[in-house]
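Report on one structure; see the data block that follows.
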Amino acid sequence: MLGIAQNSAPLPSAQPDVIDAYLQPLVDNHTIAGAVTLVADRNRIVYLKAAGYRDLASKDPMHANAMFWIASTSKPMTVSAVMMLVDEGKIGLDDPVEKYLPEFKGMMVGPRHPEEQPKEVSPAAPQLVPASHPIRIREILSHTSGLRFHSAAQPGALDTLPLKDQARSFASEPLLFQPGTDYSYSNEGINTAARIIEVVTGIPYEQFMQQHLFAPLGMKDTTFWPNPEQISRIANSYKLDEAARQLKAVQIGQLTYPLNDHAHRFPMPAGGLFSTATDVSIFCRMILNGGVLNGRRYLSQAAIKEMTTQQNSGFGGKSYGLGFGIEKTSFGHGGAFNNAMDIDPAAGRILIFMVQQDGPWGTPAGKEIVPTLERLANESLASAAGK
């Protein structure tokens, strides 16, 4: 049975907390250090509970309001901001990127990075050829533009350049493939879209996000620059030490420290946000309700449909919309440190799983956490509805 979350009406409590009963052994056997799990329906949070530790060394317990680096779970939020401008008629999904960012004119297609180079490509293949068409906004939002994951200008931390400079670096490198003919997961594409927001609106991307999405929705703990109080709530990050079979504390290599440094850190639209399970669930409720929350419309139903419908033609064996990965019955997005959001429209269910674990899980049990939580959440919601 679902546990009772803050600000939610009491639910029947005859059954045990199956989510906690599932997660606690994973804490005990060091599969995870700690996590926060949230389940919501269209109207409210119905389950919110922390498990394990925020800090293993000090045994500081995880709390439900813990902050997490949500990494690529930032992508649907950035794409939502782009779709607001589509709804307003200020940009079109099939507009060429170069219409707004002239530096993308005359893009060429060249070889992939060595580690990405298909083995079947002949050494005699042409090294650079013109793009068959200018890359389009739809393509940068669905990872079919041919833009790389990140540019050579940011080989380590991905928050070291303003968006204007990032976009120029992306445009200076050849595409991986002809636009619209393949899929390659690309932070560059989402960051380019964020730069278009700045050009079209005349205000910084992060300001647009705050004014049009985070503040109106009440997402008070969602930020690129956590303040000192929020930093004190950030869950420590861990990586499995295979040899020792222990979780070791690590920093986030894609980010620059200190995290509240506005002078040297810049927003990373594709994966730079920090947030809480509650804040992410607010965003998800707006999406699940067709772009509306608490009587205010943020996105049109047409925009939601575009975002949650396959846009990448199944290239790469993936099903991706605009900012959302598409599953058989749900859609959502994960992050580099294994956090996840999942929205099941048929069940009317949102699942948020917040954890800070770098790299592969290392155990089969870890890989099954999110699928298992999706099943338990759906079963628990169905049971609650039937009582």
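Ligands are numbered from 1 in the order shown, chains are lettered A, B, ... in the order of the structure tokens, and residues start at 1 in each chain.
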
(Q) Need the shell around stretch 50-64 of chain A: protein/DNA/RNA residues with any atom at most 8 Å away, counting only C-alpha atoms. Skip same-chain ones fewer than 6 positions apart. Format as an MDAnalysis selection string? (A) chainID A and resid 20 23:24 27 32:37 234:236 277

Convert the current residue selection to file output with C-alpha atoms, as an mmCIF file, in the first residue's frame.
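What follows is the written file part.cif:
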data_model
loop_
_atom_site.group_PDB
_atom_site.id
_atom_site.type_symbol
_atom_site.label_atom_id
_atom_site.label_comp_id
_atom_site.auth_asym_id
_atom_site.auth_seq_id
_atom_site.Cartn_x
_atom_site.Cartn_y
_atom_site.Cartn_z
ATOM 1 C CA ASP A 20 10.085 0.787 1.324
ATOM 2 C CA LEU A 23 14.283 -0.502 -1.296
ATOM 3 C CA GLN A 24 15.545 -1.061 2.246
ATOM 4 C CA VAL A 27 20.397 -0.014 1.070
ATOM 5 C CA ILE A 32 22.361 2.114 -3.204
ATOM 6 C CA ALA A 33 23.425 4.562 -0.523
ATOM 7 C CA GLY A 34 20.055 6.247 -0.344
ATOM 8 C CA ALA A 35 17.155 7.418 -2.456
ATOM 9 C CA VAL A 36 13.886 9.319 -2.481
ATOM 10 C CA THR A 37 10.845 7.782 -4.160
ATOM 11 C CA ILE A 234 22.299 17.717 -1.743
ATOM 12 C CA ALA A 235 22.640 13.943 -1.587
ATOM 13 C CA ASN A 236 26.239 12.781 -1.823
ATOM 14 C CA ALA A 277 11.463 14.776 -6.028
#

Q.
According to DSSP computed on the backbone, where in stretch 90-211 of chain A is there strand (DSSP E or B)? Give the residues as a list in words.
A. Pro96, Met108, Val109, Val129, Pro130, Arg136 and Leu175 of chain A

Suppose we keep N, CA and C atoms; can you now write the selection as a PDB file, in the first residue's frame?
ATOM      1  N   PRO A  96      14.659  25.814 -39.774  1.00  0.00           N
ATOM      2  CA  PRO A  96      16.089  25.512 -39.669  1.00  0.00           C
ATOM      3  C   PRO A  96      16.720  26.261 -38.506  1.00  0.00           C
ATOM      4  N   MET A 108      28.648  20.818 -42.301  1.00  0.00           N
ATOM      5  CA  MET A 108      29.231  19.685 -43.014  1.00  0.00           C
ATOM      6  C   MET A 108      29.040  18.415 -42.186  1.00  0.00           C
ATOM      7  N   VAL A 109      29.110  17.289 -42.866  1.00  0.00           N
ATOM      8  CA  VAL A 109      28.999  15.985 -42.201  1.00  0.00           C
ATOM      9  C   VAL A 109      30.349  15.297 -42.315  1.00  0.00           C
ATOM     10  N   VAL A 129      31.350  16.088 -46.170  1.00  0.00           N
ATOM     11  CA  VAL A 129      30.397  16.355 -47.253  1.00  0.00           C
ATOM     12  C   VAL A 129      29.367  17.346 -46.728  1.00  0.00           C
ATOM     13  N   PRO A 130      28.738  18.136 -47.594  1.00  0.00           N
ATOM     14  CA  PRO A 130      27.725  19.084 -47.131  1.00  0.00           C
ATOM     15  C   PRO A 130      26.514  18.363 -46.542  1.00  0.00           C
ATOM     16  N   ARG A 136      17.166  21.038 -38.333  1.00  0.00           N
ATOM     17  CA  ARG A 136      15.906  21.654 -37.932  1.00  0.00           C
ATOM     18  C   ARG A 136      15.727  21.580 -36.427  1.00  0.00           C
ATOM     19  N   LEU A 175      28.901  17.488 -38.446  1.00  0.00           N
ATOM     20  CA  LEU A 175      27.857  16.599 -37.936  1.00  0.00           C
ATOM     21  C   LEU A 175      28.315  15.154 -38.017  1.00  0.00           C
TER      22      LEU A 175
END

Q: Can you pull out every residue within 12 Å of stretch 318-321 of chain A, counting only C-alpha atoms, but drop anything in the same chain fewer than 5 positions away, and send it as a ChimeraX atom specification?
A: /A:75-76,79,138-144,182-185,303-313,326-328,330-333

Q: Identify all residues of stretch 306-368 of chain A in alpha helix (DSSP H) (DSSP on the backbone) and supply them as a PyMOL selection string.
A: chain A and resi 306-307+364-367

Q | Close residues, stretch 354-370 of chain A itself excluded, 6 Å, only C-alpha atoms, min 5 positions apart in chain, as a PyMOL selection string | A | chain A and resi 35-36+237-239+337+339

(Q) Applying 12 Å and only C-alpha atoms, which residues near A:Gly106 remain after dropping the ones on its own chain fewer than 6 positions away? List them as a list in words. (A)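 Once the adjacent positions are removed, what remains is Pro96, Val97, Glu98, Leu128, Val129, Pro130, Ala131, Ser132, His133, Pro134, Ile135, Ala171, Ser172, Glu173, Pro174 and Leu175 of chain A.
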
Keeping only N, CA and C atoms, write the selected residues as an mmCIF file, in the first residue's frame.
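Written file, part_14.cif:
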data_model
loop_
_atom_site.group_PDB
_atom_site.id
_atom_site.type_symbol
_atom_site.label_atom_id
_atom_site.label_comp_id
_atom_site.auth_asym_id
_atom_site.auth_seq_id
_atom_site.Cartn_x
_atom_site.Cartn_y
_atom_site.Cartn_z
ATOM 1 N N PRO A 96 14.659 25.814 -39.774
ATOM 2 C CA PRO A 96 16.089 25.512 -39.669
ATOM 3 C C PRO A 96 16.720 26.261 -38.506
ATOM 4 N N VAL A 97 17.628 25.612 -37.831
ATOM 5 C CA VAL A 97 18.323 26.247 -36.708
ATOM 6 C C VAL A 97 19.027 27.518 -37.167
ATOM 7 N N GLU A 98 19.553 27.506 -38.390
ATOM 8 C CA GLU A 98 20.307 28.659 -38.892
ATOM 9 C C GLU A 98 19.444 29.908 -39.056
ATOM 10 N N LEU A 128 34.488 14.786 -45.397
ATOM 11 C CA LEU A 128 33.541 15.878 -45.179
ATOM 12 C C LEU A 128 32.674 16.053 -46.408
ATOM 13 N N VAL A 129 31.350 16.088 -46.170
ATOM 14 C CA VAL A 129 30.397 16.355 -47.253
ATOM 15 C C VAL A 129 29.367 17.346 -46.728
ATOM 16 N N PRO A 130 28.738 18.136 -47.594
ATOM 17 C CA PRO A 130 27.725 19.084 -47.131
ATOM 18 C C PRO A 130 26.514 18.363 -46.542
ATOM 19 N N ALA A 131 25.903 18.959 -45.528
ATOM 20 C CA ALA A 131 24.650 18.425 -44.983
ATOM 21 C C ALA A 131 23.573 18.475 -46.061
ATOM 22 N N SER A 132 22.738 17.451 -46.100
ATOM 23 C CA SER A 132 21.689 17.371 -47.124
ATOM 24 C C SER A 132 20.626 18.441 -46.941
ATOM 25 N N HIS A 133 20.448 18.893 -45.720
ATOM 26 C CA HIS A 133 19.553 20.020 -45.451
ATOM 27 C C HIS A 133 19.978 20.666 -44.130
ATOM 28 N N PRO A 134 19.632 21.932 -43.932
ATOM 29 C CA PRO A 134 19.958 22.562 -42.650
ATOM 30 C C PRO A 134 19.290 21.809 -41.508
ATOM 31 N N ILE A 135 20.019 21.640 -40.391
ATOM 32 C CA ILE A 135 19.395 20.939 -39.266
ATOM 33 C C ILE A 135 18.207 21.751 -38.760
ATOM 34 N N ALA A 171 28.613 24.532 -33.750
ATOM 35 C CA ALA A 171 28.513 24.800 -35.188
ATOM 36 C C ALA A 171 29.854 24.673 -35.893
ATOM 37 N N SER A 172 30.948 24.733 -35.137
ATOM 38 C CA SER A 172 32.273 24.684 -35.755
ATOM 39 C C SER A 172 32.733 23.268 -36.054
ATOM 40 N N GLU A 173 32.014 22.281 -35.560
ATOM 41 C CA GLU A 173 32.401 20.889 -35.763
ATOM 42 C C GLU A 173 31.445 20.210 -36.741
ATOM 43 N N PRO A 174 31.936 19.252 -37.525
ATOM 44 C CA PRO A 174 31.052 18.562 -38.478
ATOM 45 C C PRO A 174 30.022 17.688 -37.774
ATOM 46 N N LEU A 175 28.901 17.488 -38.446
ATOM 47 C CA LEU A 175 27.857 16.599 -37.936
ATOM 48 C C LEU A 175 28.315 15.154 -38.017
#

(Q) Please report the interatomic distance between atom CA of A:Thr372 and atom CA of A:Tyr47 in Å with one decimal. (A) 15.6 Å

Q: Find the spatial neighbours of A:Ile231, counting only C-alpha atoms, within a cut-off of 9 Å - ignore same-chain residues fewer than 4 positions away - and output them as an MDAnalysis selection string.
A: chainID A and resid 67 226:227 235 259:260

Now that the selection is made, can you save its residues with C-alpha atoms as a PDB file, in the first residue's frame?
ATOM      1  CA  MET A  67      18.376  17.930  -3.423  1.00  0.00           C
ATOM      2  CA  PRO A 226      21.925  25.739  -5.497  1.00  0.00           C
ATOM      3  CA  ASN A 227      22.291  28.227  -2.653  1.00  0.00           C
ATOM      4  CA  ALA A 235      22.640  13.943  -1.587  1.00  0.00           C
ATOM      5  CA  LEU A 259      28.122  24.795  -7.330  1.00  0.00           C
ATOM      6  CA  ASN A 260      26.862  28.253  -6.330  1.00  0.00           C
TER       7      ASN A 260
END

(Q) Using only C-alpha atoms for the distances, tell me which of A:Ser300, A:Asn289, A:Ser380, A:Thr192 is nearest to A:Gly348. (A)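 Among the listed residues, A:Asn289 lies closest to A:Gly348.
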
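Closest approach to A:Met209 among A:Ala81, A:Leu351, A:Ile196, A:Ala167: A:Ala81, based on only C-alpha atoms.
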
**Q.** Proximity to A:Pro16 - best of A:Ala71, A:Phe324, A:Leu376, A:Phe315, only C-alpha atoms
**A.**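 Looking at the shortest contact to A:Pro16, the residue is A:Leu376.
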
Q | Counting only C-alpha atoms, the option among A:Met268, A:Leu240, A:Met83, A:Leu322 closest to A:Ile70 | A |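 For A:Ile70, the nearest of the candidates is A:Met268.
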
Taking only residues of stretch 200-236 of chain A that have an atom at most 8 Å from an atom of stretch 282-287 of chain A, what is each one's shortest atom pair and its distance in Å to one decimal, using only C-alpha atoms, in chain and number order, as a tab-separated table?
residue	atom	partner	partner_atom	distance
A:Leu217	CA	A:Ile282	CA	6.9
A:Gly218	CA	A:Ile282	CA	7.8
A:Met219	CA	A:Ile282	CA	7.1

Store the residues picked out above, limited to N, CA and C atoms, as a compact mmCIF listing (two decimals), in the first residue's frame.
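Below is the file out_13.txt, written as the result:
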# COMPACT_ATOMS: atom_id res chain seq x y z
N LEU A 217 5.06 27.39 -11.60
CA LEU A 217 4.68 26.06 -11.14
C LEU A 217 4.92 25.87 -9.64
N GLY A 218 5.72 26.74 -9.05
CA GLY A 218 6.06 26.58 -7.64
C GLY A 218 7.20 25.62 -7.40
N MET A 219 8.10 25.51 -8.39
CA MET A 219 9.27 24.63 -8.27
C MET A 219 10.40 25.42 -7.59

Select from stretch 88-200 of chain A every residue with an atom at most 9 Å from any atom of stretch 251-255 of chain A, then for each give the shortest pair of atoms and their distance in Å to one decimal, using only C-alpha atoms, rows by chain and rising number, as a tab-separated table.
residue	atom	partner	partner_atom	distance
A:Gly156	CA	A:Gln254	CA	6.2
A:Ala157	CA	A:Gln254	CA	4.1
A:Leu158	CA	A:Gln254	CA	5.4
A:Asp159	CA	A:Leu255	CA	5.9
A:Thr160	CA	A:Leu255	CA	8.3

File dump, residues just selected, N, CA and C atoms, as a PDB file, in the first residue's frame:
ATOM      1  N   GLY A 156      35.624  18.246 -20.514  1.00  0.00           N
ATOM      2  CA  GLY A 156      35.394  17.765 -19.149  1.00  0.00           C
ATOM      3  C   GLY A 156      34.085  18.269 -18.619  1.00  0.00           C
ATOM      4  N   ALA A 157      34.153  19.224 -17.687  1.00  0.00           N
ATOM      5  CA  ALA A 157      32.933  19.828 -17.161  1.00  0.00           C
ATOM      6  C   ALA A 157      32.170  20.502 -18.300  1.00  0.00           C
ATOM      7  N   LEU A 158      30.844  20.407 -18.256  1.00  0.00           N
ATOM      8  CA  LEU A 158      30.002  20.898 -19.348  1.00  0.00           C
ATOM      9  C   LEU A 158      29.303  22.205 -19.012  1.00  0.00           C
ATOM     10  N   ASP A 159      29.759  22.880 -17.966  1.00  0.00           N
ATOM     11  CA  ASP A 159      29.117  24.124 -17.550  1.00  0.00           C
ATOM     12  C   ASP A 159      30.090  25.305 -17.563  1.00  0.00           C
ATOM     13  N   THR A 160      31.115  25.228 -18.426  1.00  0.00           N
ATOM     14  CA  THR A 160      32.189  26.218 -18.388  1.00  0.00           C
ATOM     15  C   THR A 160      32.039  27.338 -19.415  1.00  0.00           C
TER      16      THR A 160
END

Q | Å distance separating atom CA of A:Asn65 from atom CA of A:Arg44, one decimal place | A |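 Computing the Euclidean distance for atom CA of A:Asn65 and atom CA of A:Arg44 yields 16.3 Å.
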
(Q) Residues near A:Ala347, anyone? I mean within 10 Å using only C-alpha atoms, not counting same-chain ones fewer than 5 positions away, as a list in words. (A)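 Skipping anything fewer than 5 positions along the chain leaves Asp41, Arg42, Thr329, Ser330, Ala377, Asn378, Glu379, Leu381 and Ala382 of chain A.
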
Residues of the last selection are to be written out with N, CA and C atoms, as a short mmCIF file (atom, residue, chain, number, x, y, z; two decimals), in the first residue's frame.
data_model
loop_
_atom_site.label_atom_id
_atom_site.label_comp_id
_atom_site.auth_asym_id
_atom_site.auth_seq_id
_atom_site.Cartn_x
_atom_site.Cartn_y
_atom_site.Cartn_z
N ASP A 41 -0.47 11.06 -8.58
CA ASP A 41 -1.46 10.92 -9.63
C ASP A 41 -1.65 12.30 -10.26
N ARG A 42 -2.74 12.49 -10.97
CA ARG A 42 -2.94 13.76 -11.67
C ARG A 42 -3.13 14.94 -10.72
N THR A 329 4.09 1.97 -22.62
CA THR A 329 2.89 2.54 -21.98
C THR A 329 3.18 3.84 -21.25
N SER A 330 4.42 4.31 -21.32
CA SER A 330 4.77 5.50 -20.55
C SER A 330 5.83 6.31 -21.29
N ALA A 377 4.30 0.90 -8.02
CA ALA A 377 3.50 2.12 -7.99
C ALA A 377 2.16 1.93 -8.67
N ASN A 378 2.17 1.29 -9.83
CA ASN A 378 0.92 1.05 -10.55
C ASN A 378 -0.01 0.13 -9.76
N GLU A 379 0.56 -0.93 -9.19
CA GLU A 379 -0.26 -1.86 -8.41
C GLU A 379 -0.85 -1.18 -7.19
N LEU A 381 -1.42 2.10 -6.73
CA LEU A 381 -2.45 3.07 -7.12
C LEU A 381 -3.74 2.37 -7.47
N ALA A 382 -3.65 1.26 -8.19
CA ALA A 382 -4.85 0.51 -8.55
C ALA A 382 -5.54 -0.03 -7.31
#

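For the atom pair formed by atom CA of A:Leu48 and atom CA of A:Ile352, the distance is 9.3 Å, given to one decimal.
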
Q: Would you please work out which residue, of A:Phe208, A:Trp225, A:Phe104, A:Trp69, is nearest to A:Ser169 when using only C-alpha atoms?
A: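 So, comparing all the options, the nearest one is A:Phe104.
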